[in-house]
>>> print(open('my_file-v1.tsv').read())   # TSV, C-alpha atoms
chain	number	residue	atom	x	y	z
A	512	LYS	CA	81.35	31.61	72.17
A	513	LEU	CA	81.19	34.40	74.72
A	514	VAL	CA	81.31	31.90	77.57
A	515	LEU	CA	84.44	30.32	76.06
A	516	MET	CA	86.05	33.70	75.36
A	517	MET	CA	85.95	34.95	78.97
A	518	PRO	CA	88.05	32.11	80.49
A	519	THR	CA	90.49	32.50	77.60
A	520	LEU	CA	90.99	36.19	78.38
A	521	ILE	CA	91.35	35.49	82.11
A	522	CYS	CA	93.93	32.75	81.51
A	523	PHE	CA	95.85	34.96	79.07
A	524	ASN	CA	95.97	37.81	81.59
A	525	SER	CA	97.15	35.45	84.36
A	526	VAL	CA	99.89	33.95	82.17
A	527	LEU	CA	100.98	37.46	81.19
A	528	ARG	CA	101.32	38.45	84.84
A	529	ILE	CA	103.33	35.32	85.63
A	530	ARG	CA	105.61	35.89	82.64
A	531	GLU	CA	106.23	39.54	83.47
A	532	GLY	CA	107.20	38.68	87.06
A	533	ASP	CA	106.06	42.16	88.00
A	534	ARG	CA	102.88	43.83	89.06
A	535	LEU	CA	102.47	45.46	85.66
A	536	SER	CA	100.99	48.97	85.77
A	537	LYS	CA	99.39	50.60	88.78
A	538	LYS	CA	95.63	50.78	88.65
A	539	THR	CA	93.61	53.93	89.18
A	540	TYR	CA	89.85	54.25	89.39
A	541	PRO	CA	89.04	57.98	89.26
A	542	LEU	CA	85.43	57.31	88.21
A	543	ALA	CA	84.96	54.87	91.10
A	544	GLU	CA	86.40	57.44	93.53
A	545	LYS	CA	83.85	60.02	92.35
A	546	MET	CA	80.93	57.58	92.36
A	547	ALA	CA	81.81	56.46	95.90
A	548	SER	CA	80.92	59.94	97.16
A	549	LEU	CA	77.43	59.96	95.59
A	550	PHE	CA	74.47	59.44	97.92
A	551	PRO	CA	73.19	55.93	97.12
A	552	PHE	CA	76.64	54.41	96.65
A	553	ASN	CA	78.03	56.23	99.68
A	554	ARG	CA	75.51	54.55	101.98
A	555	ILE	CA	76.05	51.12	100.41
A	556	LEU	CA	79.82	51.41	100.77
A	557	ASN	CA	79.58	52.53	104.38
A	558	THR	CA	77.43	49.49	105.15
A	559	LEU	CA	79.81	47.09	103.37
A	560	ILE	CA	82.91	48.51	105.06
A	561	ASN	CA	81.35	48.67	108.53
A	562	ARG	CA	80.08	45.10	108.35
A	563	ASN	CA	83.43	43.82	107.06
A	564	TRP	CA	85.77	46.08	108.97
A	565	ARG	CA	88.59	43.58	109.44
A	566	LYS	CA	88.46	42.51	105.83
A	567	ALA	CA	88.45	46.16	104.74
A	568	GLN	CA	91.52	46.76	106.90
A	569	ARG	CA	93.31	43.81	105.30
A	570	ILE	CA	92.44	45.19	101.86
A	571	THR	CA	93.81	48.59	102.90
A	572	ASP	CA	97.08	46.97	103.99
A	573	THR	CA	97.26	45.04	100.71
A	574	LEU	CA	96.68	48.20	98.65
A	575	LYS	CA	99.43	49.89	100.63
A	576	ARG	CA	101.74	46.93	100.03
A	577	LEU	CA	101.05	47.11	96.28
A	578	SER	CA	101.55	50.90	96.29
A	579	GLU	CA	98.15	51.35	94.70
A	580	LYS	CA	96.80	54.87	94.32
A	581	TYR	CA	93.15	54.17	95.08
A	582	THR	CA	91.36	53.79	98.41
A	583	VAL	CA	89.45	50.90	99.93
A	584	ARG	CA	86.20	52.76	99.18
A	585	ALA	CA	87.09	52.84	95.49
A	586	PHE	CA	87.92	49.13	95.71
A	587	TYR	CA	84.46	48.32	97.09
A	588	MET	CA	82.92	50.64	94.50
A	589	VAL	CA	84.65	48.63	91.78
A	590	LYS	CA	83.25	45.43	93.32
A	591	CYS	CA	79.73	46.92	93.20
A	592	LEU	CA	80.22	48.06	89.59
A	593	TYR	CA	81.45	44.59	88.63
A	594	PHE	CA	78.37	43.13	90.31
A	595	ILE	CA	75.98	45.48	88.51
A	596	GLY	CA	77.78	44.98	85.21
A	597	ALA	CA	77.67	41.19	85.55
A	598	VAL	CA	73.92	41.28	86.26
A	599	ALA	CA	73.28	43.55	83.26
A	600	ILE	CA	75.50	41.55	80.89
A	601	SER	CA	74.03	38.22	82.06
A	602	VAL	CA	70.45	39.44	81.56
A	603	VAL	CA	71.22	40.89	78.13
A	604	VAL	CA	73.21	37.86	76.92
A	605	LEU	CA	70.73	35.28	78.21
A	606	THR	CA	67.74	37.22	76.86
A	607	ALA	CA	69.44	37.64	73.50
A	608	GLY	CA	70.19	33.90	73.52
A	609	HIS	CA	66.50	33.09	74.07
A	610	ILE	CA	65.47	35.47	71.28
A	611	GLU	CA	68.02	33.93	68.92
A	612	SER	CA	66.87	30.42	69.84
A	613	ARG	CA	63.25	31.37	69.12
A	614	ASN	CA	64.21	32.76	65.74
A	615	ILE	CA	66.13	29.58	64.92
A	616	LEU	CA	63.14	27.44	65.88
A	617	LEU	CA	60.91	29.49	63.59
A	618	THR	CA	63.17	29.68	60.56
A	619	ASP	CA	65.91	27.02	60.58
A	620	VAL	CA	65.42	24.19	58.08
A	621	ALA	CA	69.03	23.04	57.69
A	622	ASP	CA	68.62	19.90	59.80
A	623	LEU	CA	65.27	18.72	58.47
A	624	SER	CA	66.96	16.45	55.94
A	625	ASN	CA	68.44	14.43	58.80
A	626	ILE	CA	65.30	13.80	60.85
A	627	SER	CA	63.78	11.30	58.44
A	628	THR	CA	65.64	8.67	56.44
A	629	SER	CA	62.48	7.60	54.56
A	630	ALA	CA	61.86	11.00	52.92
A	631	ASP	CA	63.05	11.71	49.40
A	632	GLY	CA	64.10	15.06	47.98
A	633	ARG	CA	60.58	16.33	47.23
A	634	GLN	CA	59.25	15.38	50.66
A	635	ILE	CA	62.23	17.06	52.34
A	636	GLU	CA	61.49	20.25	50.38
A	637	ALA	CA	57.86	20.00	51.51
A	638	MET	CA	58.96	19.56	55.12
A	639	GLU	CA	61.21	22.61	54.83
A	640	ARG	CA	58.14	24.60	53.81
A	641	VAL	CA	55.57	23.02	56.13
A	642	VAL	CA	57.50	22.88	59.43
A	643	PRO	CA	58.26	26.64	59.79
A	644	GLN	CA	54.79	27.53	58.46
A	645	TYR	CA	52.83	25.40	60.96
A	646	THR	CA	55.21	26.20	63.81
A	647	LYS	CA	54.54	29.92	63.42
A	648	TRP	CA	50.80	29.28	62.95
A	649	ILE	CA	50.52	27.34	66.23
A	650	ILE	CA	52.58	29.91	68.15
A	651	ASP	CA	50.58	32.87	66.83
A	652	ASN	CA	47.25	31.24	67.66
A	653	LYS	CA	48.40	29.79	71.03
A	654	PHE	CA	46.85	26.37	70.49
A	655	ILE	CA	46.83	23.81	73.30
A	656	LEU	CA	48.97	20.81	72.36
A	657	ASP	CA	46.82	17.82	73.32
A	658	ASP	CA	46.36	14.44	71.62
A	659	LYS	CA	43.37	15.62	69.56
A	660	PHE	CA	45.28	18.62	68.24
A	661	GLU	CA	48.24	16.37	67.38
A	662	ALA	CA	46.02	14.07	65.37
A	663	ASP	CA	44.41	17.00	63.53
A	664	LEU	CA	47.83	18.50	62.84
A	665	THR	CA	49.11	15.21	61.44
A	666	GLN	CA	46.17	15.10	59.06
A	667	LEU	CA	46.77	18.70	57.97
A	668	VAL	CA	50.43	17.97	57.29
A	669	ARG	CA	49.54	14.79	55.42
A	670	ASN	CA	47.30	16.79	53.11
A	671	GLU	CA	50.06	19.24	52.25
A	672	GLN	CA	51.49	19.09	48.76
A	673	GLY	CA	54.67	17.03	48.61
A	674	ILE	CA	53.98	14.92	51.73
A	675	ARG	CA	53.21	11.48	50.31
A	676	THR	CA	53.56	9.06	53.24
A	677	ASP	CA	52.13	8.86	56.75
A	678	ALA	CA	55.61	8.25	58.18
A	679	VAL	CA	56.94	11.54	56.85
A	680	ALA	CA	53.78	13.36	58.02
A	681	THR	CA	54.26	11.91	61.53
A	682	VAL	CA	57.91	12.92	61.60
A	683	ALA	CA	57.06	16.44	60.42
A	684	THR	CA	54.28	16.73	63.02
A	685	ASN	CA	56.62	15.64	65.80
A	686	GLU	CA	59.20	18.18	64.64
A	687	ILE	CA	56.57	20.95	64.62
A	688	LEU	CA	55.31	20.10	68.11
A	689	THR	CA	58.85	19.82	69.43
A	690	ARG	CA	59.71	23.23	68.05
A	691	VAL	CA	56.58	24.78	69.53
A	692	LYS	CA	57.33	23.30	72.96
A	693	ASN	CA	60.93	24.46	72.76
A	694	TRP	CA	59.84	27.92	71.61
A	695	ARG	CA	57.49	28.23	74.57
A	696	GLY	CA	60.29	27.12	76.87
A	697	GLU	CA	62.66	29.82	75.65
A	698	TYR	CA	62.16	32.54	78.26
A	699	PHE	CA	64.10	34.04	81.16
A	700	GLY	CA	63.44	31.41	83.79
A	701	TRP	CA	64.84	30.05	87.04
A	702	LEU	CA	67.94	28.59	85.42
A	703	ASP	CA	68.78	31.99	83.97
A	704	ILE	CA	68.27	33.59	87.38
A	705	VAL	CA	70.67	31.06	88.93
A	706	ILE	CA	73.26	31.72	86.21
A	707	THR	CA	72.89	35.48	86.72
A	708	VAL	CA	73.32	35.16	90.49
A	709	ILE	CA	76.42	32.97	90.10
A	710	ALA	CA	77.95	35.29	87.49
A	711	SER	CA	77.28	38.37	89.60
A	712	MET	CA	78.77	36.80	92.73
A	713	LEU	CA	81.86	35.73	90.82
A	714	ALA	CA	82.18	39.25	89.44
A	715	PHE	CA	81.79	40.68	92.96
A	716	VAL	CA	84.69	38.61	94.33
A	717	ALA	CA	86.84	38.96	91.18
A	718	PRO	CA	88.64	42.11	92.47
A	719	ASN	CA	89.53	40.24	95.68
A	720	ILE	CA	90.93	37.32	93.70
A	721	SER	CA	92.92	39.68	91.49
A	722	LEU	CA	94.26	41.55	94.52
A	723	THR	CA	95.29	38.31	96.25
A	724	PHE	CA	96.99	37.07	93.08
A	725	ARG	CA	98.91	40.32	92.66
A	726	ARG	CA	100.00	40.28	96.30
A	727	SER	CA	101.31	36.73	95.94
A	728	LEU	CA	103.39	37.88	92.97
A	729	THR	CA	104.65	40.83	95.02
A	730	GLU	CA	105.65	38.63	97.95
A	731	ASN	CA	107.76	36.54	95.58
A	732	GLN	CA	109.68	39.70	94.66
A	733	MET	CA	110.35	40.88	98.20
A	734	GLN	CA	113.36	38.65	98.59
A	735	GLY	CA	114.97	40.04	95.46
A	736	GLU	CA	114.32	43.61	96.54
A	737	VAL	CA	115.82	42.99	99.98
A	738	LEU	CA	118.93	41.60	98.27
A	739	THR	CA	119.12	44.79	96.17
A	740	LEU	CA	118.85	46.99	99.27
A	741	GLN	CA	121.50	44.96	101.07
A	742	SER	CA	123.83	45.32	98.08
A	743	ILE	CA	123.35	49.10	98.09
A	744	ILE	CA	124.10	49.28	101.80
A	745	TYR	CA	127.16	47.04	101.38
A	746	MET	CA	128.58	49.33	98.69
A	747	LEU	CA	127.95	52.56	100.62
A	748	LYS	CA	128.60	51.63	104.24
A	749	SER	CA	132.39	52.01	103.92
A	750	VAL	CA	132.23	55.32	102.06
A	751	PRO	CA	133.29	58.25	104.30
A	752	GLY	CA	130.41	60.50	105.28
A	753	THR	CA	127.74	57.86	104.78
A	754	SER	CA	124.81	58.45	107.13
A	755	ALA	CA	121.53	56.74	107.88
A	756	MET	CA	119.63	59.39	105.90
A	757	LEU	CA	121.86	58.88	102.86
A	758	LEU	CA	121.26	55.11	102.99
A	759	LEU	CA	117.51	55.63	103.33
A	760	GLU	CA	117.45	57.98	100.34
A	761	GLU	CA	119.39	55.51	98.19
A	762	MET	CA	117.13	52.68	99.31
A	763	GLU	CA	114.11	54.77	98.33
A	764	ASN	CA	115.53	55.30	94.83
A	765	PHE	CA	115.97	51.58	94.18
A	766	SER	CA	112.94	50.30	96.06
A	767	GLU	CA	109.45	49.65	94.77
A	768	ILE	CA	107.67	47.31	97.18
A	769	PHE	CA	109.02	48.96	100.36
A	770	LYS	CA	109.09	52.46	98.88
A	771	PRO	CA	106.01	53.89	100.73
A	772	SER	CA	107.30	52.73	104.12
A	773	ILE	CA	110.80	54.08	103.45
A	774	GLN	CA	109.36	57.43	102.36
A	775	SER	CA	107.33	57.61	105.57
A	776	CYS	CA	110.47	56.82	107.58
A	777	ILE	CA	112.41	59.60	105.81
A	778	ASN	CA	109.65	62.10	106.58
A	779	GLN	CA	109.72	61.18	110.29
A	780	TYR	CA	113.51	60.87	110.57
A	781	ASN	CA	114.28	64.53	111.31
A	782	VAL	CA	111.64	64.64	114.03
A	783	ASN	CA	112.59	61.44	115.88
A	784	ASP	CA	114.93	59.01	114.17
A	785	ARG	CA	114.42	56.20	116.69
A	786	GLU	CA	110.64	56.38	116.43
A	787	ALA	CA	110.91	56.55	112.63
A	788	PHE	CA	112.84	53.26	112.52
A	789	GLU	CA	110.43	51.63	114.99
A	790	ASN	CA	107.48	52.62	112.82
A	791	LEU	CA	109.33	51.30	109.76
A	792	TYR	CA	109.90	48.01	111.56
A	793	LEU	CA	106.19	47.73	112.42
A	794	ALA	CA	105.07	48.77	108.93
A	795	GLU	CA	106.85	45.87	107.20
A	796	ASP	CA	106.60	42.26	108.33
A	797	TYR	CA	109.09	40.69	105.91
A	798	PRO	CA	111.95	39.20	108.02
A	799	GLY	CA	114.77	40.18	105.65
A	800	PHE	CA	113.70	43.82	105.59
A	801	ARG	CA	113.24	43.88	109.35
A	802	ARG	CA	116.83	42.73	109.81
A	803	ILE	CA	117.94	45.77	107.79
A	804	VAL	CA	115.84	48.02	110.05
A	805	ASP	CA	117.45	46.40	113.11
A	806	CYS	CA	120.84	47.38	111.73
A	807	PHE	CA	119.65	50.99	111.28
A	808	MET	CA	118.65	51.07	114.95
A	809	ASN	CA	122.21	50.16	115.95
A	810	ILE	CA	123.87	52.96	113.95
A	811	ASP	CA	123.87	55.43	116.86
A	812	ASP	CA	125.69	52.94	119.11
A	813	MET	CA	128.01	51.21	116.62
A	814	GLY	CA	128.34	53.45	113.59
A	815	VAL	CA	127.28	52.76	110.03
A	816	GLU	CA	130.03	50.34	109.01
A	817	GLU	CA	129.90	48.17	112.13
A	818	ALA	CA	126.09	48.20	112.29
A	819	PHE	CA	125.92	46.65	108.83
A	820	GLU	CA	128.95	44.36	109.26
A	821	GLU	CA	126.85	41.21	108.96
A	822	ILE	CA	125.45	42.37	105.62
A	823	SER	CA	128.30	40.86	103.54
A	824	SER	CA	127.91	37.33	104.95
A	825	GLU	CA	124.16	37.60	104.80
A	826	ILE	CA	124.30	38.62	101.14
A	827	LYS	CA	126.24	35.47	100.29
A	828	ASN	CA	123.80	33.21	102.12
A	829	PHE	CA	120.92	35.19	100.73
A	830	LYS	CA	122.11	34.68	97.15
A	831	GLU	CA	122.40	30.92	97.62
A	832	ASN	CA	118.94	30.65	99.15
A	833	ARG	CA	117.60	33.02	96.54
A	834	GLU	CA	118.90	30.84	93.72
A	835	LEU	CA	117.34	27.69	95.19
A	836	GLU	CA	114.01	29.38	95.90
A	837	ARG	CA	114.05	31.04	92.51
A	838	ASN	CA	114.41	27.68	90.78
A	839	LEU	CA	111.52	26.28	92.80
A	840	LEU	CA	109.45	29.38	92.04
A	841	LEU	CA	110.17	29.14	88.32
A	842	ASP	CA	109.11	25.48	88.31
A	843	LYS	CA	105.90	26.36	90.15
A	844	GLU	CA	105.13	29.31	87.86
A	845	ALA	CA	105.90	27.22	84.76
A	846	MET	CA	103.52	24.49	85.93
A	847	LEU	CA	100.80	27.06	86.68
A	848	ALA	CA	101.33	28.76	83.31
A	849	ASN	CA	101.13	25.40	81.50
A	850	ILE	CA	97.83	24.62	83.23
A	851	LEU	CA	96.41	28.05	82.41
A	852	GLY	CA	97.62	27.71	78.82
A	853	VAL	CA	95.85	24.38	78.36
A	854	LEU	CA	92.51	25.47	79.87
A	855	PRO	CA	91.28	27.57	76.90
A	856	GLY	CA	92.11	24.81	74.42
A	857	GLY	CA	90.42	22.24	76.63
A	858	ALA	CA	87.35	24.44	76.96
A	859	ILE	CA	87.14	24.83	73.17
A	860	LEU	CA	87.76	21.12	72.59
A	861	PHE	CA	85.12	19.91	75.00
A	862	GLY	CA	82.68	22.83	75.04
A	863	TYR	CA	82.69	23.81	71.39
A	864	LEU	CA	83.56	20.57	69.56
A	865	LEU	CA	82.97	17.38	71.52
A	866	VAL	CA	79.81	18.30	73.44
A	867	PRO	CA	77.89	19.60	70.35
A	868	PHE	CA	79.11	16.57	68.37
A	869	ILE	CA	77.85	14.17	71.04
A	870	VAL	CA	74.52	15.97	71.34
A	871	ARG	CA	74.07	15.99	67.57
A	872	SER	CA	74.94	12.29	67.36
A	873	VAL	CA	72.33	11.46	70.00
A	874	VAL	CA	69.69	13.49	68.12
A	875	ILE	CA	70.40	11.70	64.84
A	876	PHE	CA	70.42	8.32	66.58
A	877	ASN	CA	67.02	9.01	68.13
A	878	SER	CA	65.71	10.13	64.74
A	879	TYR	CA	66.80	6.86	63.11
A	880	ASN	CA	65.19	4.87	65.89
A	881	GLN	CA	61.98	6.83	65.45
A	882	ASP	CA	61.95	6.22	61.69
A	883	LEU	CA	62.60	2.50	62.19
A	884	ALA	CA	59.74	2.31	64.67
A	885	LEU	CA	57.39	4.01	62.20
A	886	LEU	CA	58.44	1.70	59.34
A	887	THR	CA	57.99	-1.37	61.53
A	888	ASN	CA	54.50	-0.31	62.54
>>> encode(input="my_file-v1.tsv", output="structure tokens")
Amino acid sequence: KLVLMMPTLICFNSVLRIREGDRLSKKTYPLAEKMASLFPFNRILNTLINRNWRKAQRITDTLKRLSEKYTVRAFYMVKCLYFIGAVAISVVVLTAGHIESRNILLTDVADLSNISTSADGRQIEAMERVVPQYTKWIIDNKFILDDKFEADLTQLVRNEQGIRTDAVATVATNEILTRVKNWRGEYFGWLDIVITVIASMLAFVAPNISLTFRRSLTENQMQGEVLTLQSIIYMLKSVPGTSAMLLLEEMENFSEIFKPSIQSCINQYNVNDREAFENLYLAEDYPGFRRIVDCFMNIDDMGVEEAFEEISSEIKNFKENRELERNLLLDKEAMLANILGVLPGGAILFGYLLVPFIVRSVVIFNSYNQDLALLTN
């Protein structure tokens, strides 16, 4: 159930992000920031960042693009915490699963009525008493399961009250031995180690996947924000007294994605306006925004109104392209949301209903074949 619940939550969160069309709330990791400065984590983070310097730089640029308030060190700290948490949760869940399976093997009698078609009500009641009793007895005494022990066990079961036929005694013995073997096989083994490693690695890269997904959503919004900034400039450029600083301040008020870069440009503007616009041009690589910055660079030579003269025609073309691209984007997001919406139901259908049904059918089929073989002999 836990395995099926996790993909459902992930799909729900992804569909929610697609539906919102926004980056939702900003994330902060104050605990991760503090832990990153502690001695053991500090050394681990330094090693990770130094060995993956280019990747760390790309993550820094992405965090800046998303206007996140945490550093790349906190990001790597979160990755480490996810890794440690995944290891701990995997070990606890898998160990608890083995303990639960052992308890079921020792106590469960619900399916004993299905393992033998030749047993009547009294013999089934006897099997429900004998199977858990002898299973626990063998496990406590750590007997070796060889052919001689199997024969002795069959005779002991045959002598139990309520067991009247050899066929039922053989079926009960086989069930006891199967439970003992399964009980001894329920421990934290190599398969559990592999599952833990896979889960921990997936948890380690999960923040990267989330960051990439959020950046892709942000890039889809850049075009709309550029159109908003162009509209603001178009309305203000003909107003007497409009200056480059006034336009920058208004752009800052209505901007979200480009807000950090615009704020940096405003801070540098009074020192060197030309250098401030050049740095703004280099800070953002989106073509539409760079065209706006090019217009700002021409203000000193042409004036505000003439520098942004092409804005009106560009807005018209931009709206037409925006509408076409928006329709394509909506179709793509709708298809992705439909796929993500179907995945949890498919996982429940196949993982929780069909697979157990098929396994149970195979078990019952083998039981009938075994009973037929015993009756024939």
>>> atom_distance(input="my_file-v1.tsv", atom1="CA of Leu559 in chain A", atom2="CA of Ala714 in chain A")
16.2 Å
>>> residues_around(input="my_file-v1.tsv", residues="range 775-777 of chain A", least_positions_apart="6", cutoff="8 Å", atoms="all atoms listed in the file", output="JSON, numbers by chain")
{"A": [756, 759, 760, 787, 788, 790, 791]}
>>> atom_distance(input="my_file-v1.tsv", atom1="CA of Asn693 in chain A", atom2="CA of Arg633 in chain A")
26.8 Å
>>> closest_residue(input="my_file-v1.tsv", among="A:Gln734, A:Thr646, A:Thr665, A:Gln634", to="Leu617 in chain A", atoms="only C-alpha atoms")
A:Thr646
>>> atom_distance(input="my_file-v1.tsv", atom1="CA of Thr684 in chain A", atom2="CA of Val866 in chain A")
27.6 Å
>>> closest_residue(input="my_file-v1.tsv", among="A:Ile875, A:Leu860, A:Ile595, A:Ala547", to="Val708 in chain A", atoms="all atoms listed in the file")
A:Ile595
>>> closest_residue(input="my_file-v1.tsv", among="A:Leu688, A:Val620, A:Ala662, A:Val750", to="Ile649 in chain A", atoms="only C-alpha atoms")
A:Leu688
>>> closest_residue(input="my_file-v1.tsv", among="A:Asn764, A:Pro771, A:Phe552, A:Ala710", to="Lys580 in chain A", atoms="only C-alpha atoms")
A:Pro771
>>> axis_aligned_box(input="my_file-v1.tsv", around="range 746-751 of chain A", padding_each_side="4 Å", output="lines of an AutoDock Vina configuration file")
center_x = 130.6
center_y = 53.8
center_z = 101.5
size_x = 13.3
size_y = 16.9
size_z = 13.6
>>> closest_residue(input="my_file-v1.tsv", among="A:Ile704, A:Gly799, A:Phe654, A:Asn563", to="Lys692 in chain A", atoms="all atoms listed in the file")
A:Phe654
>>> closest_residue(input="my_file-v1.tsv", among="A:Thr689, A:Asn809, A:Asn553, A:Ser766", to="Asp784 in chain A", atoms="only C-alpha atoms")
A:Asn809
>>> build_atoms(input="my_file-v1.tsv", residues="range 641-657 of chain A", atoms="N, CA, C and O atoms", output="CSV table (one decimal), in the coordinates of the input")
chain,number,residue,atom,x,y,z
A,641,VAL,N,56.7,23.3,55.2
A,641,VAL,CA,55.6,23.0,56.1
A,641,VAL,C,56.0,23.3,57.6
A,641,VAL,O,55.2,23.9,58.3
A,642,VAL,N,57.1,22.8,58.0
A,642,VAL,CA,57.5,22.9,59.4
A,642,VAL,C,57.6,24.3,59.9
A,642,VAL,O,56.9,24.7,60.9
A,643,PRO,N,58.3,25.3,59.3
A,643,PRO,CA,58.3,26.6,59.8
A,643,PRO,C,56.9,27.3,59.7
A,643,PRO,O,56.5,28.0,60.6
A,644,GLN,N,56.1,26.9,58.6
A,644,GLN,CA,54.8,27.5,58.5
A,644,GLN,C,53.9,27.1,59.6
A,644,GLN,O,53.2,28.0,60.2
A,645,TYR,N,53.8,25.8,59.9
A,645,TYR,CA,52.8,25.4,61.0
A,645,TYR,C,53.4,25.7,62.4
A,645,TYR,O,52.6,26.0,63.3
A,646,THR,N,54.7,25.8,62.5
A,646,THR,CA,55.2,26.2,63.8
A,646,THR,C,54.8,27.6,64.1
A,646,THR,O,54.3,27.9,65.3
A,647,LYS,N,54.9,28.5,63.2
A,647,LYS,CA,54.5,29.9,63.4
A,647,LYS,C,53.0,30.0,63.6
A,647,LYS,O,52.5,30.8,64.4
A,648,TRP,N,52.3,29.2,62.8
A,648,TRP,CA,50.8,29.3,63.0
A,648,TRP,C,50.3,28.9,64.3
A,648,TRP,O,49.5,29.5,64.9
A,649,ILE,N,50.9,27.8,64.9
A,649,ILE,CA,50.5,27.3,66.2
A,649,ILE,C,50.9,28.4,67.3
A,649,ILE,O,50.1,28.6,68.2
A,650,ILE,N,52.1,28.9,67.2
A,650,ILE,CA,52.6,29.9,68.2
A,650,ILE,C,51.7,31.2,68.1
A,650,ILE,O,51.3,31.7,69.2
A,651,ASP,N,51.4,31.7,66.9
A,651,ASP,CA,50.6,32.9,66.8
A,651,ASP,C,49.2,32.7,67.4
A,651,ASP,O,48.6,33.6,68.0
A,652,ASN,N,48.6,31.5,67.2
A,652,ASN,CA,47.2,31.2,67.7
A,652,ASN,C,47.2,30.6,69.0
A,652,ASN,O,46.1,30.4,69.6
A,653,LYS,N,48.3,30.3,69.7
A,653,LYS,CA,48.4,29.8,71.0
A,653,LYS,C,47.5,28.6,71.3
A,653,LYS,O,46.7,28.5,72.2
A,654,PHE,N,47.6,27.6,70.4
A,654,PHE,CA,46.8,26.4,70.5
A,654,PHE,C,47.4,25.5,71.7
A,654,PHE,O,48.6,25.6,72.0
A,655,ILE,N,46.5,24.8,72.2
A,655,ILE,CA,46.8,23.8,73.3
A,655,ILE,C,47.3,22.5,72.7
A,655,ILE,O,46.5,21.9,71.8
A,656,LEU,N,48.4,22.0,73.0
A,656,LEU,CA,49.0,20.8,72.4
A,656,LEU,C,48.5,19.5,73.1
A,656,LEU,O,49.2,19.0,73.9
A,657,ASP,N,47.3,19.1,72.7
A,657,ASP,CA,46.8,17.8,73.3
A,657,ASP,C,46.8,16.7,72.2
A,657,ASP,O,47.2,17.0,71.1
